[in-house]
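*Asks:* Quick one: the structure is below, and I'll ask about it shortly.
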Amino acid sequence: MKINESITYVGKTDWELRKFHGDEYSTHKGSTYNSYLVRDEKTVLIDTVWQPFSKEFVKNLKSEIDLKEIDYIVINHGEIDHSGALTELMREIPDTPIYCTQMGVKSLKGHYHQDWNFVPVKTGDRLSLGKKELIFIEARFLHWPDTMFSYLTEDNVLFSTDAFGQHYCSEKMFNDLVDPSELKQEAIKYYANILTPFNTFIDKKLQEVLALDLPIDMICPSHGVIWRENPLEIVKTYEKWCKDYQENLITVVYDSMWESTRSMAEQIVKGIASVDKDVVVKLYNISKADKNDVITEIFKSKAIIMGSSTINNGILSKVAALIEEIKGMKFKKKKAYAFGSYGWSGEAIKIIDEELQKAGFEVDAKGIKVNWVPDEEGLKNSFDYGVLIAETNRK
Ligand code: FEO
């Protein structure tokens with residue numbers, strides 16, 4: 001598929017993918033592994049695809065070009081969803097130079113244990129393709145230490161690897177041709193779940209790239225659709241997201257053994273809604289909801305309210321797993337609250353408070369617990385807790 005006169009898309013659309021990074025990331029709309037062939041006087045292949053599609057990739061590539069005509073390979077990022085077809089490809093063209101960062105060499109050697117013809121590059125290095133050049137820009141921790149961007153002069157195209165990506169399939173392939181609400185949802189979910197831990201690096205890198213003042217007509221990420229219409233809009237959106245982004249949103253998330261904690265959750269939501277008509281409240285049972293969708297809502301939230309029954313002097317395992325995951329996200333400037341019912345010992349609230357504090361949340365008020373099934377007073381206390389949280393967090 002032609003992207004423009006000199007760039008051809010040679011990647012793979014993985015319509016069926018529903019889990020990525022093992023079981024870590026849900027991909028409701030599949031994903032793509034984007035690979036691009038750039039032709040000038042010289043020809044360069046930018047990135048490959050995930051290993052299971054490597055034979056298909058090389059076969060399709062052969063129908064597009066005689067592999068011997070590929071002068072250079074650029075690997076912007078060594079993770080196997082982008083480098084996975086290298087083994088299959090390098091069997092055919094073993095001497096072709098592979099341009100990547102020094103960290104990229106380390107990562108590719110670690111993955112494939114081959115001493116290919118690596119050419120390490122750093123920010124500002126250029127590769128002439130004839131009339132056009134590729135300029136390399138290291139993009140450490142966006143999202144791995146090996147990551148770099150490649151910029152194609154004349155065409156003004158930024159190949160941004162995982163940055164600005166989305167796990168999203170469409171036969172249309174361009175941002176101006178797909179459903180904008182679907183695209184926005186997949187882009188923010190991708191940012192929230194994959195890039196949030198690197199907010200500080202992203203902020204710095206965006207300023208650095210913008211300071212280069214390179215004209216950008218198109219951003220070609222490694223996943224999802226290409227940003228062709230108003231490509232700088234997603235860069236500006238990233239500038240907002242990386243600064244401890246929040247909306248007027250509160251997320252309530254819980255798990256419940258016998259529905260008592262659920263009853264409390266519902267009363268808390270009612271309490272919030274009774275005093276603040278503007279705030280959006282979202283409620284999830286984490287044992288039934290998709291974890292990555294919940295994390296996306298937490299990313300957007302100004303406050304979270306987390307509930308668990310007490311079990312074996314601890315908290316329910318799905319709640320524990322969620323806390324473990326959001327610890328890694330390094331969220332900042334978000335308030336947190338705890339609630340839950342218990343039968344005998346009732347440690348859950350204390351544990352949630354402590355763990356969320358360790359996760360970087362501002363634990364704002366003592367959590368509330370109800371013994372056994374909440375009676376009228378227990379339900380009222382939960383409602384009032386919602387009122388308190390709404391009033392404290394009113395924008
Ligand atoms: Fe899409 Fe970091 O790999």
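Within each chain, counting starts at residue 1; across the structure tokens, chains are named A, B, ... in the order shown, with ligands numbered 1 upward in that order.
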Enumerate the residues of stretch 31-168 of chain A with a DSSP assignment of helix (DSSP H, G or I), computed from the backbone, and present them as a PyMOL selection string.
*Replies:* chain A and resi 51-64+67-69+80-83+86-92+102-112
*Asks:* Using only C-alpha atoms and all ligand atoms, what are the residues with an atom within 6 Å of ligand 1, set out as a PyMOL selection string?
*Replies:* chain A and resi 79+81+162
*Asks:* Near stretch 354-363 of chain A, counting only C-alpha atoms, which residues have an atom at most 10 Å away, once you skip same-chain residues fewer than 5 positions from it, shown as a list of chain:residue names?
*Replies:* A:Ala303, A:Ile304, A:Ile305, A:Met306, A:Ala320, A:Ile323, A:Glu324, A:Glu325, A:Ile326, A:Lys327, A:Gly328, A:Met329, A:Lys330, A:Phe331, A:Lys332, A:Lys333, A:Lys334, A:Lys335, A:Ala336, A:Tyr337, A:Ala338, A:Ala348, A:Ile349
*Asks:* At a cut-off of 12 Å, using only C-alpha atoms, what residues contact A:His82? Leave out same-chain residues fewer than 3 positions from it and give the result as a PyMOL selection string.
*Replies:* chain A and resi 11-12+32-36+45-54+57+74-79+85-87+104+108+111+147+161-162+221-223
*Asks:* Could you list, as number ranges by chain, every residue within 10 Å of A:Pro215, counting only C-alpha atoms and ignoring same-chain residues fewer than 3 positions away?
*Replies:* A: 151, 153-158, 210, 212, 218, 232
*Asks:* Leaving out stretch 374-378 of chain A and any residue of its chain fewer than 4 positions from it, which residues lie within 7 Å of it when counting only C-alpha atoms, given as a list in words?
*Replies:*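 After dropping sequence-adjacent residues, the list is Ser260, Val370 and Ser382 of chain A.
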*Asks:* Write the residues of the selection above to a file with all heavy atoms, as a PDB file, in the first residue's frame.
*Replies:*
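Saved result, result37.pdb, follows:
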ATOM      1  N   SER A 260     -21.622  -6.910  49.502  1.00  0.00           N
ATOM      2  CA  SER A 260     -21.708  -5.807  50.471  1.00  0.00           C
ATOM      3  C   SER A 260     -20.832  -4.635  50.026  1.00  0.00           C
ATOM      4  O   SER A 260     -21.251  -3.477  50.074  1.00  0.00           O
ATOM      5  CB  SER A 260     -21.267  -6.283  51.855  1.00  0.00           C
ATOM      6  OG  SER A 260     -22.158  -7.267  52.299  1.00  0.00           O
ATOM      7  N   VAL A 370     -17.520  -1.227  56.640  1.00  0.00           N
ATOM      8  CA  VAL A 370     -18.812  -1.612  57.202  1.00  0.00           C
ATOM      9  C   VAL A 370     -18.700  -3.069  57.630  1.00  0.00           C
ATOM     10  O   VAL A 370     -18.185  -3.899  56.876  1.00  0.00           O
ATOM     11  CB  VAL A 370     -19.936  -1.457  56.143  1.00  0.00           C
ATOM     12  CG1 VAL A 370     -21.205  -2.163  56.585  1.00  0.00           C
ATOM     13  CG2 VAL A 370     -20.209   0.011  55.863  1.00  0.00           C
ATOM     14  N   SER A 382     -21.823   5.313  53.545  1.00  0.00           N
ATOM     15  CA  SER A 382     -21.183   5.199  52.228  1.00  0.00           C
ATOM     16  C   SER A 382     -21.604   6.376  51.352  1.00  0.00           C
ATOM     17  O   SER A 382     -20.768   6.992  50.669  1.00  0.00           O
ATOM     18  CB  SER A 382     -21.573   3.875  51.553  1.00  0.00           C
ATOM     19  OG  SER A 382     -21.245   2.798  52.387  1.00  0.00           O
TER      20      SER A 382
END
*Asks:* With stretch 274-283 of chain A as the partner and 9 Å as the cut-off, tabulate the residues of stretch 182-260 of chain A that qualify, each row holding the nearest pair of atoms and their distance in Å to one decimal, using only C-alpha atoms, sorted by chain and rising number, as JSON lines.
*Replies:*
{"residue": "A:Glu247", "atom": "CA", "partner": "A:Val280", "partner_atom": "CA", "distance": 8.8}
{"residue": "A:Asn248", "atom": "CA", "partner": "A:Val279", "partner_atom": "CA", "distance": 5.4}
{"residue": "A:Leu249", "atom": "CA", "partner": "A:Val280", "partner_atom": "CA", "distance": 4.7}
{"residue": "A:Ile250", "atom": "CA", "partner": "A:Val281", "partner_atom": "CA", "distance": 4.9}
{"residue": "A:Thr251", "atom": "CA", "partner": "A:Lys282", "partner_atom": "CA", "distance": 4.8}
{"residue": "A:Val252", "atom": "CA", "partner": "A:Leu283", "partner_atom": "CA", "distance": 4.7}
{"residue": "A:Val253", "atom": "CA", "partner": "A:Leu283", "partner_atom": "CA", "distance": 5.8}
{"residue": "A:Tyr254", "atom": "CA", "partner": "A:Leu283", "partner_atom": "CA", "distance": 8.3}
*Asks:* Determine, counting only C-alpha atoms, which protein, DNA and RNA residues have an atom within 8 Å of an atom of A:Gln267; residues of the same chain fewer than 6 positions away are not included. Present the result as a list in words.
*Replies:* Leu379, Lys380, Ser382, Phe383 and Gly386 of chain A
*Asks:* Of the candidates A:Lys122, A:Lys270, A:Lys318, A:Lys300, which one gets nearest to A:Ile286 if we count only C-alpha atoms?
*Replies:* A:Lys318
*Asks:* So, counting only C-alpha atoms, which residue among A:Val44, A:Ile389, A:Leu17, A:Ile268 is closest to A:Cys169?
*Replies:*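 Looking at the shortest contact to A:Cys169, the residue is A:Leu17.
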*Asks:* So how far away is atom CA of A:Tyr284 from atom CA of A:Ser263, in Å?
*Replies:*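 Separation between atom CA of A:Ser263 and atom CA of A:Tyr284: 12.5 Å.
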*Asks:* What does the distance between atom CA of A:Lys131 and atom CA of A:Glu5 come to in Å, to one decimal place?
*Replies:* 13.4 Å
*Asks:* Separation of atom CA of A:Ile368 and atom CA of A:Leu322, in Å?
*Replies:*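 A separation of 19.9 Å between them.
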*Asks:* Give me, as a PyMOL selection string, the residues of stretch 75-254 of chain A that a backbone DSSP run labels strand (DSSP E).
*Replies:* chain A and resi 98-100+118-120+126-128+133-138+148-152+157-161+218-221+249-254
*Asks:* For each of A:Lys395, A:Arg91, A:His167, A:Lys59, take the minimum atom-to-atom distance to A:Asp14, counting only C-alpha atoms, then give the residue where this is smallest.
*Replies:*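 Closest to A:Asp14, using only C-alpha atoms: A:His167.
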*Asks:* Select, from A:Ile311, A:Cys100, A:Ile3, A:Val319, the residue with the minimum atom-to-atom distance to A:Trp344, counting only C-alpha atoms.
*Replies:*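 Closest candidate: A:Ile311.
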*Asks:* Could you check which of A:Met264, A:Met103, A:Val10, A:Ile194 is closest to A:Pro145, using only C-alpha atoms?
*Replies:*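 Of all the options, A:Met103 lies closest to A:Pro145.
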